[in-house]
Amino acid sequence: MARIRDDLRALSGYHSPQVDVTVRLNTNEAPFAPPAEFVSTLAQRLAGVEWNRYPDRAAVSLRTGLAALHGVPVEQVMVANGSNEVLQSILLAFGGAGRRAVVFEPGYQMHAQIARNTATPVEIIERDSEMLIDIRSALASLSAGPPAVVFVTSPNNPTGRCEPRDTVRALVEHAGQHLIVVDEAYVQFAGADLLDLVSDGAPVIVTRTFSKTWGMAGLRLGYAIGATELMSALELVTLPYHVDAAKLIAGELALDFVAEMDARVAETVAERERLRGRLCDLGVDVGPSEANFLLIGTGSRPAVMVWEGLVEHGVLVRDCSGWPGLAGRLRVTVGSPSENDAFVTALEEVLR
Ligand code: PMP
């Protein structure tokens, strides 16, 4: 048999268990489909694609649209197959042996996973008691050691908390030879973003995705915004024509529906607060969240038993209790009002 790389052999990969249930609140997808007009127009436009030709390798049109949306130069935008692929490109270009990835736990597990896939040593810094970045430990790490790719996630998955602007600004100011990546996969559900930290010369890349707020997880489209020289570095490691013709068209068309998507995001935020209120009324331990999910504690009951009980009631949530620093925690995605009601009813019965 072919021999897998020794450093990968011990790894188990990152998978959200998929179970066949009616209410799926485990992967932070949007509960709504994109607007019907988007879907019908996309079908028409796809009929005109010259499938025998490679797509625009530089994705100029889509990148121009994203640049206009965010008010940045097109040279500061890079697109890829989901923000996970953006993160992988970042680690291919800036990680690797002799360098390191700095992650804050608890946090998004794929940052460390992709780092390991790219043979980048991982340094873990524990969050403070508020589940926020402990700036002293972070700055101490930056002041010594090899070049680092530092992953900040705001709002953080799975805690739902945003990092204070001053924390991230301090990291950028002290970055030196290091790179600060601000993963904003959920930022439209929050009050403020950190995009203004990006400028030519600044060692910071912000990553975004169409998977959550755009309700287009099936499209696999993500992007990065960062200094021109950083985007040129990412170009060195991306495969030719990595973003296909259909995705380029769909992504550009989606930008005509910003108002509709903003309205859907506002609905999800309102629904998040309604769900949080209902859980508080039940006496469930639930923290504040600025994302489209809530992290709940299962108290004296083992989280895995509560998770199983919910599955028996046809509701799938994410069991985070095995993740570092998250004993007794489950993460529930904010779904449609009826899905959220089904979850609360099931939880009530399981906890009874
Ligand atoms: N970053 C964070 C924090 C996430 O939670 C996710 C999705 N789980 C991603 C990035 C990746 O999203 P995608 O690849 O679908 O764009």
# chains A, B, ... in the order shown; residues from 1 in each chain; ligands from 1
>>> residues_near_ligand(ligand="ligand 1", cutoff="7 Å", atoms="only C-alpha atoms and all ligand atoms", output="list in words")
Thr27, Asn28, Gly82, Ser83, Asn84, Glu85, Tyr108, Thr153, Asn156, Asn157, Asp183, Glu184, Ala185, Arg208, Thr209, Phe210, Ser211, Ala217, Arg220, Leu221 and Gly222 of chain A
>>> write_last_selection(atoms="all heavy atoms", output="compact mmCIF listing (two decimals), in the first residue's frame")
# COMPACT_ATOMS: atom_id res chain seq x y z
N THR A 27 -24.66 22.63 11.16
CA THR A 27 -23.51 23.13 10.39
C THR A 27 -23.61 24.62 10.05
O THR A 27 -22.94 25.10 9.12
CB THR A 27 -23.30 22.32 9.09
OG1 THR A 27 -24.55 22.17 8.43
CG2 THR A 27 -22.72 20.95 9.35
N ASN A 28 -24.43 25.35 10.79
CA ASN A 28 -24.48 26.82 10.64
C ASN A 28 -24.86 27.28 9.24
O ASN A 28 -24.44 28.35 8.79
CB ASN A 28 -23.16 27.48 11.06
CG ASN A 28 -22.84 27.21 12.51
OD1 ASN A 28 -23.73 26.85 13.28
ND2 ASN A 28 -21.60 27.37 12.89
N GLY A 82 -14.96 28.30 -1.40
CA GLY A 82 -15.26 28.35 0.03
C GLY A 82 -14.13 29.04 0.77
O GLY A 82 -12.98 29.10 0.27
N SER A 83 -14.44 29.60 1.95
CA SER A 83 -13.36 30.28 2.66
C SER A 83 -12.35 29.28 3.20
O SER A 83 -11.20 29.63 3.45
CB SER A 83 -13.89 31.21 3.75
OG SER A 83 -14.73 30.54 4.63
N ASN A 84 -12.74 28.01 3.32
CA ASN A 84 -11.75 27.01 3.72
C ASN A 84 -10.61 26.93 2.70
O ASN A 84 -9.45 26.75 3.07
CB ASN A 84 -12.39 25.62 3.86
CG ASN A 84 -13.09 25.45 5.20
OD1 ASN A 84 -12.74 26.10 6.18
ND2 ASN A 84 -14.08 24.58 5.24
N GLU A 85 -10.94 27.06 1.41
CA GLU A 85 -9.87 27.02 0.42
C GLU A 85 -9.01 28.28 0.50
O GLU A 85 -7.80 28.23 0.27
CB GLU A 85 -10.41 26.83 -1.00
CG GLU A 85 -9.29 26.40 -1.94
CD GLU A 85 -9.69 26.36 -3.40
OE1 GLU A 85 -10.30 27.33 -3.91
OE2 GLU A 85 -9.39 25.35 -4.05
N TYR A 108 -12.43 27.70 15.78
CA TYR A 108 -12.78 26.93 14.59
C TYR A 108 -11.67 25.89 14.31
O TYR A 108 -10.53 26.27 14.06
CB TYR A 108 -12.94 27.89 13.40
CG TYR A 108 -13.31 27.25 12.10
CD1 TYR A 108 -14.32 26.30 12.02
CD2 TYR A 108 -12.65 27.60 10.93
CE1 TYR A 108 -14.67 25.72 10.81
CE2 TYR A 108 -12.99 27.02 9.71
CZ TYR A 108 -13.99 26.08 9.66
OH TYR A 108 -14.33 25.52 8.47
N THR A 153 -10.87 34.69 14.83
CA THR A 153 -12.19 34.43 14.24
C THR A 153 -13.20 35.32 14.95
O THR A 153 -13.33 35.25 16.17
CB THR A 153 -12.59 32.95 14.42
OG1 THR A 153 -11.50 32.14 14.01
CG2 THR A 153 -13.83 32.62 13.60
N ASN A 156 -16.49 34.40 16.76
CA ASN A 156 -15.80 33.11 16.86
C ASN A 156 -16.80 31.95 16.77
O ASN A 156 -17.91 32.04 17.27
CB ASN A 156 -15.06 33.05 18.20
CG ASN A 156 -14.21 31.80 18.33
OD1 ASN A 156 -13.66 31.29 17.35
ND2 ASN A 156 -14.10 31.29 19.54
N ASN A 157 -16.37 30.89 16.13
CA ASN A 157 -17.11 29.64 16.09
C ASN A 157 -16.38 28.67 17.00
O ASN A 157 -15.19 28.44 16.77
CB ASN A 157 -17.12 29.12 14.63
CG ASN A 157 -17.74 27.75 14.49
OD1 ASN A 157 -18.36 27.24 15.41
ND2 ASN A 157 -17.56 27.15 13.32
N ASP A 183 -10.88 35.78 10.33
CA ASP A 183 -11.90 34.95 9.70
C ASP A 183 -13.27 35.53 10.09
O ASP A 183 -13.70 35.41 11.24
CB ASP A 183 -11.72 33.51 10.20
CG ASP A 183 -12.71 32.54 9.55
OD1 ASP A 183 -13.80 32.98 9.15
OD2 ASP A 183 -12.38 31.34 9.47
N GLU A 184 -13.90 36.16 9.10
CA GLU A 184 -15.20 36.80 9.36
C GLU A 184 -16.35 36.04 8.68
O GLU A 184 -17.24 36.65 8.09
CB GLU A 184 -15.17 38.27 8.90
CG GLU A 184 -14.28 39.14 9.77
CD GLU A 184 -14.50 40.64 9.55
OE1 GLU A 184 -14.88 41.06 8.44
OE2 GLU A 184 -14.29 41.41 10.52
N ALA A 185 -16.33 34.72 8.80
CA ALA A 185 -17.36 33.89 8.14
C ALA A 185 -18.78 34.30 8.58
O ALA A 185 -19.73 34.17 7.82
CB ALA A 185 -17.12 32.42 8.45
N ARG A 208 -13.96 35.90 4.07
CA ARG A 208 -15.44 35.92 4.07
C ARG A 208 -15.96 34.73 3.28
O ARG A 208 -15.22 34.11 2.50
CB ARG A 208 -15.94 37.21 3.40
CG ARG A 208 -15.55 38.51 4.13
CD ARG A 208 -16.49 38.76 5.29
NE ARG A 208 -16.19 40.01 5.96
CZ ARG A 208 -16.82 41.17 5.74
NH1 ARG A 208 -17.78 41.24 4.83
NH2 ARG A 208 -16.52 42.25 6.42
N THR A 209 -17.26 34.45 3.41
CA THR A 209 -17.86 33.32 2.70
C THR A 209 -19.29 33.61 2.26
O THR A 209 -19.97 34.42 2.89
CB THR A 209 -17.84 32.05 3.58
OG1 THR A 209 -18.46 30.99 2.87
CG2 THR A 209 -18.58 32.25 4.90
N PHE A 210 -19.70 32.95 1.19
CA PHE A 210 -21.10 33.00 0.77
C PHE A 210 -21.93 31.92 1.48
O PHE A 210 -23.12 31.82 1.26
CB PHE A 210 -21.21 32.79 -0.76
CG PHE A 210 -20.95 34.03 -1.57
CD1 PHE A 210 -19.72 34.68 -1.51
CD2 PHE A 210 -21.93 34.56 -2.38
CE1 PHE A 210 -19.49 35.83 -2.25
CE2 PHE A 210 -21.70 35.71 -3.14
CZ PHE A 210 -20.47 36.34 -3.07
N SER A 211 -21.27 31.08 2.30
CA SER A 211 -21.95 29.90 2.85
C SER A 211 -23.00 30.23 3.91
O SER A 211 -23.95 29.48 4.07
CB SER A 211 -20.92 28.95 3.48
OG SER A 211 -20.03 28.48 2.51
N ALA A 217 -24.30 27.83 0.88
CA ALA A 217 -23.27 26.86 1.27
C ALA A 217 -23.00 25.87 0.14
O ALA A 217 -21.87 25.39 -0.03
CB ALA A 217 -23.69 26.12 2.54
N ARG A 220 -20.11 26.82 -2.61
CA ARG A 220 -18.69 26.76 -2.25
C ARG A 220 -17.94 27.98 -2.81
O ARG A 220 -17.12 27.86 -3.72
CB ARG A 220 -18.03 25.45 -2.73
CG ARG A 220 -18.72 24.18 -2.33
CD ARG A 220 -18.92 24.07 -0.83
NE ARG A 220 -17.67 24.12 -0.09
CZ ARG A 220 -17.43 24.99 0.90
NH1 ARG A 220 -18.34 25.87 1.29
NH2 ARG A 220 -16.28 24.97 1.53
N LEU A 221 -18.25 29.13 -2.28
CA LEU A 221 -17.56 30.36 -2.70
C LEU A 221 -17.14 31.16 -1.47
O LEU A 221 -17.97 31.45 -0.60
CB LEU A 221 -18.48 31.20 -3.60
CG LEU A 221 -17.91 32.55 -4.07
CD1 LEU A 221 -16.62 32.37 -4.87
CD2 LEU A 221 -18.94 33.29 -4.94
N GLY A 222 -15.88 31.48 -1.41
CA GLY A 222 -15.36 32.31 -0.34
C GLY A 222 -14.36 33.29 -0.92
O GLY A 222 -13.98 33.18 -2.08
>>> residues_around(residues="Val265 of chain A", least_positions_apart="6", cutoff="8 Å", atoms="only C-alpha atoms", output="ChimeraX atom specification")
/A:188-189,213
>>> select_by_dssp(residues="segment 51-208 of chain A", states="helix (DSSP H, G or I)", output="ChimeraX atom specification")
/A:60-70,74-76,83-94,109-117,135-142,165-173,187-189,195-197
>>> residues_around(residues="segment 281-290 of chain A", least_positions_apart="2", cutoff="8 Å", atoms="only C-alpha atoms", output="mmCIF file with N, CA and C atoms, in the first residue's frame")
data_model
loop_
_atom_site.group_PDB
_atom_site.id
_atom_site.type_symbol
_atom_site.label_atom_id
_atom_site.label_comp_id
_atom_site.auth_asym_id
_atom_site.auth_seq_id
_atom_site.Cartn_x
_atom_site.Cartn_y
_atom_site.Cartn_z
ATOM 1 N N PRO A 155 -17.187 36.986 14.373
ATOM 2 C CA PRO A 155 -17.492 36.247 15.590
ATOM 3 C C PRO A 155 -16.841 34.861 15.563
ATOM 4 N N THR A 159 -18.116 29.923 19.885
ATOM 5 C CA THR A 159 -18.571 30.693 21.053
ATOM 6 C C THR A 159 -19.545 31.811 20.670
ATOM 7 N N GLY A 160 -19.483 32.277 19.420
ATOM 8 C CA GLY A 160 -20.385 33.347 18.975
ATOM 9 C C GLY A 160 -19.936 34.746 19.369
ATOM 10 N N ARG A 161 -18.806 34.837 20.055
ATOM 11 C CA ARG A 161 -18.344 36.146 20.535
ATOM 12 C C ARG A 161 -17.468 36.841 19.494
ATOM 13 N N CYS A 162 -17.581 38.179 19.421
ATOM 14 C CA CYS A 162 -16.676 38.982 18.592
ATOM 15 C C CYS A 162 -15.451 39.369 19.423
ATOM 16 N N VAL A 187 -19.642 37.419 10.037
ATOM 17 C CA VAL A 187 -19.614 38.807 10.511
ATOM 18 C C VAL A 187 -20.894 39.587 10.218
ATOM 19 N N PHE A 189 -23.801 38.790 10.736
ATOM 20 C CA PHE A 189 -24.753 38.615 11.830
ATOM 21 C C PHE A 189 -24.374 39.474 13.036
ATOM 22 N N ALA A 190 -23.207 40.102 12.980
ATOM 23 C CA ALA A 190 -22.703 40.886 14.106
ATOM 24 C C ALA A 190 -22.844 42.377 13.813
ATOM 25 N N GLY A 191 -22.543 43.179 14.807
ATOM 26 C CA GLY A 191 -22.720 44.618 14.647
ATOM 27 C C GLY A 191 -21.659 45.287 13.794
ATOM 28 N N ARG A 276 -32.826 32.534 21.864
ATOM 29 C CA ARG A 276 -32.049 32.700 23.101
ATOM 30 C C ARG A 276 -32.981 32.996 24.282
ATOM 31 N N GLY A 277 -33.978 33.837 24.022
ATOM 32 C CA GLY A 277 -34.954 34.162 25.060
ATOM 33 C C GLY A 277 -35.698 32.921 25.530
ATOM 34 N N ARG A 278 -36.122 32.085 24.583
ATOM 35 C CA ARG A 278 -36.852 30.867 24.949
ATOM 36 C C ARG A 278 -35.972 29.925 25.767
ATOM 37 N N LEU A 279 -34.701 29.821 25.381
ATOM 38 C CA LEU A 279 -33.785 28.935 26.117
ATOM 39 C C LEU A 279 -33.536 29.481 27.525
ATOM 40 N N ASN A 292 -24.835 33.121 13.787
ATOM 41 C CA ASN A 292 -26.130 32.477 13.540
ATOM 42 C C ASN A 292 -26.226 31.143 14.272
ATOM 43 N N PHE A 293 -25.612 31.103 15.447
ATOM 44 C CA PHE A 293 -25.700 29.896 16.278
ATOM 45 C C PHE A 293 -25.582 30.304 17.738
ATOM 46 N N LEU A 294 -25.975 29.377 18.600
ATOM 47 C CA LEU A 294 -25.864 29.600 20.040
ATOM 48 C C LEU A 294 -25.100 28.426 20.644
ATOM 49 N N LEU A 295 -24.310 28.717 21.666
ATOM 50 C CA LEU A 295 -23.599 27.669 22.386
ATOM 51 C C LEU A 295 -24.337 27.468 23.703
ATOM 52 N N ILE A 296 -24.791 26.236 23.943
ATOM 53 C CA ILE A 296 -25.537 26.003 25.173
ATOM 54 C C ILE A 296 -24.808 24.990 26.054
ATOM 55 N N GLY A 297 -25.029 25.112 27.350
ATOM 56 C CA GLY A 297 -24.460 24.171 28.304
ATOM 57 C C GLY A 297 -25.542 23.179 28.724
ATOM 58 N N THR A 298 -25.141 21.917 28.935
ATOM 59 C CA THR A 298 -26.145 20.908 29.298
ATOM 60 C C THR A 298 -26.152 20.628 30.797
ATOM 61 N N GLY A 299 -25.468 21.499 31.562
ATOM 62 C CA GLY A 299 -25.516 21.414 33.023
ATOM 63 C C GLY A 299 -25.047 20.072 33.550
ATOM 64 N N GLU A 348 -36.668 20.507 25.692
ATOM 65 C CA GLU A 348 -37.475 20.461 26.923
ATOM 66 C C GLU A 348 -37.750 19.013 27.336
#
>>> residues_around(residues="Ser137 of chain A", least_positions_apart="6", cutoff="12 Å", atoms="only C-alpha atoms", output="MDAnalysis selection string")
chainID A and resid 102:104 123:128 143:144 167 171
>>> write_last_selection(atoms="C-alpha atoms", output="tab-separated table (two decimals), in the first residue's frame")
chain	number	residue	atom	x	y	z
A	102	VAL	CA	-1.23	30.31	16.06
A	103	VAL	CA	-4.81	29.40	17.02
A	104	PHE	CA	-6.92	30.39	20.00
A	123	GLU	CA	0.69	26.64	18.49
A	124	ILE	CA	-2.42	26.72	20.68
A	125	ILE	CA	-3.20	29.64	22.99
A	126	GLU	CA	-6.07	29.19	25.40
A	127	ARG	CA	-8.73	31.88	25.55
A	128	ASP	CA	-9.41	33.80	28.75
A	143	SER	CA	7.42	38.63	20.19
A	144	ALA	CA	9.37	35.39	19.75
A	167	THR	CA	-7.37	43.34	20.61
A	171	LEU	CA	-2.17	42.12	17.09
>>> residues_around(residues="segment 74-81 of chain A", least_positions_apart="2", cutoff="7 Å", atoms="only C-alpha atoms", output="PyMOL selection string")
chain A and resi 63-64+67+72+83+85-86+220-228+231+243
>>> closest_residue(among="A:Arg100, A:Lys212, A:His70, A:Arg136", to="Asp196 of chain A", atoms="only C-alpha atoms")
A:His70
>>> residues_around(residues="Glu37 of chain A", least_positions_apart="5", cutoff="10 Å", atoms="only C-alpha atoms", output="PyMOL selection string")
chain A and resi 42-43+257
>>> residues_around(residues="segment 320-323 of chain A", least_positions_apart="3", cutoff="8 Å", atoms="only C-alpha atoms", output="PDB file with all heavy atoms, in the first residue's frame")
ATOM      1  N   PRO A 106     -11.140  27.760  22.848  1.00  0.00           N
ATOM      2  CA  PRO A 106     -11.840  27.076  21.770  1.00  0.00           C
ATOM      3  C   PRO A 106     -12.040  27.971  20.546  1.00  0.00           C
ATOM      4  O   PRO A 106     -12.215  29.177  20.678  1.00  0.00           O
ATOM      5  CB  PRO A 106     -13.184  26.692  22.394  1.00  0.00           C
ATOM      6  CG  PRO A 106     -13.333  27.526  23.611  1.00  0.00           C
ATOM      7  CD  PRO A 106     -11.991  28.003  24.019  1.00  0.00           C
ATOM      8  N   ALA A 303     -23.360  16.023  27.852  1.00  0.00           N
ATOM      9  CA  ALA A 303     -23.748  16.644  26.577  1.00  0.00           C
ATOM     10  C   ALA A 303     -24.066  15.588  25.522  1.00  0.00           C
ATOM     11  O   ALA A 303     -25.006  15.740  24.733  1.00  0.00           O
ATOM     12  CB  ALA A 303     -22.630  17.566  26.097  1.00  0.00           C
ATOM     13  N   VAL A 304     -23.292  14.508  25.520  1.00  0.00           N
ATOM     14  CA  VAL A 304     -23.498  13.497  24.472  1.00  0.00           C
ATOM     15  C   VAL A 304     -24.869  12.829  24.616  1.00  0.00           C
ATOM     16  O   VAL A 304     -25.529  12.499  23.612  1.00  0.00           O
ATOM     17  CB  VAL A 304     -22.320  12.471  24.452  1.00  0.00           C
ATOM     18  CG1 VAL A 304     -22.271  11.631  25.709  1.00  0.00           C
ATOM     19  CG2 VAL A 304     -22.383  11.613  23.216  1.00  0.00           C
ATOM     20  N   LEU A 326     -14.562  23.016  25.940  1.00  0.00           N
ATOM     21  CA  LEU A 326     -16.009  23.092  25.713  1.00  0.00           C
ATOM     22  C   LEU A 326     -16.779  21.916  26.318  1.00  0.00           C
ATOM     23  O   LEU A 326     -17.833  21.532  25.794  1.00  0.00           O
ATOM     24  CB  LEU A 326     -16.305  23.181  24.208  1.00  0.00           C
ATOM     25  CG  LEU A 326     -15.864  24.500  23.554  1.00  0.00           C
ATOM     26  CD1 LEU A 326     -16.079  24.435  22.050  1.00  0.00           C
ATOM     27  CD2 LEU A 326     -16.613  25.691  24.132  1.00  0.00           C
ATOM     28  N   ALA A 327     -16.262  21.384  27.412  1.00  0.00           N
ATOM     29  CA  ALA A 327     -16.969  20.272  28.053  1.00  0.00           C
ATOM     30  C   ALA A 327     -18.415  20.674  28.330  1.00  0.00           C
ATOM     31  O   ALA A 327     -18.683  21.807  28.746  1.00  0.00           O
ATOM     32  CB  ALA A 327     -16.254  19.910  29.348  1.00  0.00           C
ATOM     33  N   GLY A 328     -19.346  19.782  28.073  1.00  0.00           N
ATOM     34  CA  GLY A 328     -20.756  20.033  28.392  1.00  0.00           C
ATOM     35  C   GLY A 328     -21.436  21.034  27.473  1.00  0.00           C
ATOM     36  O   GLY A 328     -22.465  21.602  27.837  1.00  0.00           O
ATOM     37  N   ARG A 329     -20.891  21.257  26.280  1.00  0.00           N
ATOM     38  CA  ARG A 329     -21.464  22.286  25.379  1.00  0.00           C
ATOM     39  C   ARG A 329     -21.967  21.682  24.071  1.00  0.00           C
ATOM     40  O   ARG A 329     -21.327  20.803  23.484  1.00  0.00           O
ATOM     41  CB  ARG A 329     -20.413  23.325  25.007  1.00  0.00           C
ATOM     42  CG  ARG A 329     -19.771  23.995  26.179  1.00  0.00           C
ATOM     43  CD  ARG A 329     -20.503  25.256  26.526  1.00  0.00           C
ATOM     44  NE  ARG A 329     -20.340  25.558  27.926  1.00  0.00           N
ATOM     45  CZ  ARG A 329     -20.995  26.514  28.553  1.00  0.00           C
ATOM     46  NH1 ARG A 329     -21.900  27.239  27.924  1.00  0.00           N
ATOM     47  NH2 ARG A 329     -20.793  26.733  29.814  1.00  0.00           N
ATOM     48  N   LEU A 330     -23.091  22.191  23.626  1.00  0.00           N
ATOM     49  CA  LEU A 330     -23.634  21.872  22.303  1.00  0.00           C
ATOM     50  C   LEU A 330     -23.802  23.183  21.548  1.00  0.00           C
ATOM     51  O   LEU A 330     -24.117  24.216  22.146  1.00  0.00           O
ATOM     52  CB  LEU A 330     -25.004  21.191  22.423  1.00  0.00           C
ATOM     53  CG  LEU A 330     -25.088  19.888  23.213  1.00  0.00           C
ATOM     54  CD1 LEU A 330     -26.546  19.424  23.298  1.00  0.00           C
ATOM     55  CD2 LEU A 330     -24.228  18.807  22.576  1.00  0.00           C
ATOM     56  N   ARG A 331     -23.625  23.130  20.229  1.00  0.00           N
ATOM     57  CA  ARG A 331     -23.839  24.327  19.415  1.00  0.00           C
ATOM     58  C   ARG A 331     -25.059  24.104  18.540  1.00  0.00           C
ATOM     59  O   ARG A 331     -25.160  23.080  17.863  1.00  0.00           O
ATOM     60  CB  ARG A 331     -22.607  24.574  18.527  1.00  0.00           C
ATOM     61  CG  ARG A 331     -22.665  25.919  17.774  1.00  0.00           C
ATOM     62  CD  ARG A 331     -21.613  25.963  16.677  1.00  0.00           C
ATOM     63  NE  ARG A 331     -21.945  25.028  15.617  1.00  0.00           N
ATOM     64  CZ  ARG A 331     -21.087  24.594  14.695  1.00  0.00           C
ATOM     65  NH1 ARG A 331     -19.845  25.003  14.698  1.00  0.00           N
ATOM     66  NH2 ARG A 331     -21.472  23.738  13.767  1.00  0.00           N
TER      67      ARG A 331
END
>>> closest_residue(among="A:Leu11, A:Val149, A:Glu229, A:Arg264", to="Asn117 of chain A", atoms="only C-alpha atoms")
A:Leu11
>>> select_by_dssp(residues="segment 56-295 of chain A", states="strand (DSSP E)", output="MDAnalysis selection string")
chainID A and resid 77:80 100:105 122:126 148:153 179:183 204:209 222:226 285:286 293:295
>>> closest_atom_pairs(of="segment 13-129 of chain A", to="segment 250-256 of chain A", cutoff="9 Å", atoms="only C-alpha atoms", output="tab-separated table")
residue	atom	partner	partner_atom	distance
A:Pro34	CA	A:Ala254	CA	8.6
A:Phe38	CA	A:Ala254	CA	6.9
A:Val39	CA	A:Ala250	CA	8.9
A:Thr41	CA	A:Leu253	CA	8.2
A:Leu42	CA	A:Ala250	CA	6.3
A:Arg45	CA	A:Ala250	CA	8.8
A:Leu46	CA	A:Ala250	CA	8.7
A:Ser61	CA	A:Glu252	CA	7.3
A:Leu62	CA	A:Glu252	CA	5.0
A:Arg63	CA	A:Glu252	CA	8.4
A:Gly65	CA	A:Glu252	CA	6.5
A:Leu66	CA	A:Leu255	CA	7.7
A:Leu69	CA	A:Leu255	CA	7.9
>>> write_last_selection(atoms="all heavy atoms", output="tab-separated table (two decimals), in the first residue's frame")
chain	number	residue	atom	x	y	z
A	34	PRO	N	-31.65	30.94	-1.46
A	34	PRO	CA	-31.49	32.26	-2.08
A	34	PRO	C	-32.79	32.66	-2.79
A	34	PRO	O	-33.63	31.80	-3.07
A	34	PRO	CB	-30.37	32.05	-3.10
A	34	PRO	CG	-29.71	30.77	-2.73
A	34	PRO	CD	-30.72	29.95	-2.01
A	38	PHE	N	-32.99	34.86	-8.17
A	38	PHE	CA	-31.56	34.50	-8.32
A	38	PHE	C	-31.45	33.13	-8.98
A	38	PHE	O	-30.69	32.95	-9.94
A	38	PHE	CB	-30.87	34.48	-6.94
A	38	PHE	CG	-29.53	33.80	-6.94
A	38	PHE	CD1	-28.38	34.49	-7.34
A	38	PHE	CD2	-29.41	32.46	-6.57
A	38	PHE	CE1	-27.14	33.85	-7.36
A	38	PHE	CE2	-28.17	31.82	-6.59
A	38	PHE	CZ	-27.04	32.52	-6.99
A	39	VAL	N	-32.24	32.18	-8.50
A	39	VAL	CA	-32.14	30.80	-9.00
A	39	VAL	C	-32.55	30.74	-10.47
A	39	VAL	O	-31.86	30.12	-11.29
A	39	VAL	CB	-33.01	29.85	-8.13
A	39	VAL	CG1	-32.96	28.42	-8.68
A	39	VAL	CG2	-32.55	29.88	-6.68
A	41	THR	N	-32.65	33.26	-12.75
A	41	THR	CA	-31.70	33.99	-13.61
A	41	THR	C	-30.40	33.20	-13.77
A	41	THR	O	-29.82	33.15	-14.86
A	41	THR	CB	-31.38	35.38	-13.01
A	41	THR	OG1	-32.60	36.01	-12.66
A	41	THR	CG2	-30.62	36.26	-13.98
A	42	LEU	N	-29.98	32.56	-12.69
A	42	LEU	CA	-28.76	31.75	-12.76
A	42	LEU	C	-28.92	30.64	-13.80
A	42	LEU	O	-28.02	30.40	-14.62
A	42	LEU	CB	-28.44	31.17	-11.38
A	42	LEU	CG	-27.21	30.26	-11.31
A	42	LEU	CD1	-25.95	31.00	-11.76
A	42	LEU	CD2	-27.01	29.73	-9.88
A	45	ARG	N	-28.52	32.07	-17.21
A	45	ARG	CA	-27.14	32.45	-17.53
A	45	ARG	C	-26.25	31.23	-17.74
A	45	ARG	O	-25.34	31.25	-18.57
A	45	ARG	CB	-26.56	33.34	-16.43
A	45	ARG	CG	-27.27	34.67	-16.40
A	45	ARG	CD	-26.45	35.77	-15.79
A	45	ARG	NE	-27.29	36.95	-15.71
A	45	ARG	CZ	-27.07	37.99	-14.94
A	45	ARG	NH1	-26.01	38.01	-14.16
A	45	ARG	NH2	-27.89	39.01	-14.93
A	46	LEU	N	-26.52	30.17	-16.99
A	46	LEU	CA	-25.70	28.96	-17.14
A	46	LEU	C	-25.87	28.35	-18.52
A	46	LEU	O	-24.95	27.73	-19.07
A	46	LEU	CB	-26.05	27.94	-16.05
A	46	LEU	CG	-25.60	28.30	-14.63
A	46	LEU	CD1	-25.96	27.18	-13.66
A	46	LEU	CD2	-24.11	28.58	-14.58
A	61	SER	N	-14.26	39.71	-13.18
A	61	SER	CA	-15.59	40.28	-13.03
A	61	SER	C	-16.14	40.09	-11.60
A	61	SER	O	-16.64	41.03	-10.97
A	61	SER	CB	-16.51	39.62	-14.06
A	61	SER	OG	-17.62	40.38	-14.25
A	62	LEU	N	-16.02	38.87	-11.09
A	62	LEU	CA	-16.50	38.60	-9.72
A	62	LEU	C	-15.70	39.41	-8.70
A	62	LEU	O	-16.26	40.02	-7.78
A	62	LEU	CB	-16.40	37.09	-9.42
A	62	LEU	CG	-16.72	36.67	-7.98
A	62	LEU	CD1	-18.14	37.11	-7.58
A	62	LEU	CD2	-16.57	35.16	-7.82
A	63	ARG	N	-14.40	39.44	-8.88
A	63	ARG	CA	-13.57	40.19	-7.93
A	63	ARG	C	-13.87	41.68	-7.99
A	63	ARG	O	-13.87	42.37	-6.95
A	63	ARG	CB	-12.08	39.91	-8.20
A	63	ARG	CG	-11.66	38.51	-7.73
A	63	ARG	CD	-10.27	38.12	-8.21
A	63	ARG	NE	-9.28	39.12	-7.90
A	63	ARG	CZ	-8.47	39.70	-8.80
A	63	ARG	NH1	-8.55	39.36	-10.07
A	63	ARG	NH2	-7.60	40.60	-8.43
A	65	GLY	N	-16.78	42.97	-8.67
A	65	GLY	CA	-18.05	43.13	-7.95
A	65	GLY	C	-17.84	43.12	-6.44
A	65	GLY	O	-18.40	43.95	-5.71
A	66	LEU	N	-17.03	42.20	-5.97
A	66	LEU	CA	-16.76	42.12	-4.52
A	66	LEU	C	-16.00	43.36	-4.05
A	66	LEU	O	-16.25	43.88	-2.95
A	66	LEU	CB	-15.97	40.85	-4.21
A	66	LEU	CG	-16.77	39.56	-4.32
A	66	LEU	CD1	-15.85	38.34	-4.34
A	66	LEU	CD2	-17.78	39.45	-3.17
A	69	LEU	N	-18.44	46.10	-3.70
A	69	LEU	CA	-19.28	45.87	-2.51
A	69	LEU	C	-18.58	46.36	-1.24
A	69	LEU	O	-19.20	46.94	-0.35
A	69	LEU	CB	-19.60	44.37	-2.39
A	69	LEU	CG	-20.43	43.93	-1.19
A	69	LEU	CD1	-21.88	44.41	-1.34
A	69	LEU	CD2	-20.42	42.40	-1.04
>>> atom_distance(atom1="atom CA of Val181 of chain A", atom2="atom CA of Gly71 of chain A")
19.4 Å
>>> atom_distance(atom1="atom CA of His174 of chain A", atom2="atom CA of Ala140 of chain A")
10.1 Å
>>> closest_residue(among="A:Val269, A:Pro203, A:Glu349, A:Gly107", to="Leu310 of chain A", atoms="only C-alpha atoms")
A:Glu349
>>> closest_residue(among="A:His111, A:Arg352, A:His313, A:Arg272", to="Ser336 of chain A", atoms="only C-alpha atoms")
A:Arg272
>>> closest_residue(among="A:Glu235, A:Asp200, A:Glu339, A:Glu29", to="Tyr186 of chain A", atoms="only C-alpha atoms")
A:Glu29
>>> closest_residue(among="A:Leu248, A:Ala10, A:Leu25, A:Met131", to="Val334 of chain A", atoms="only C-alpha atoms")
A:Leu25
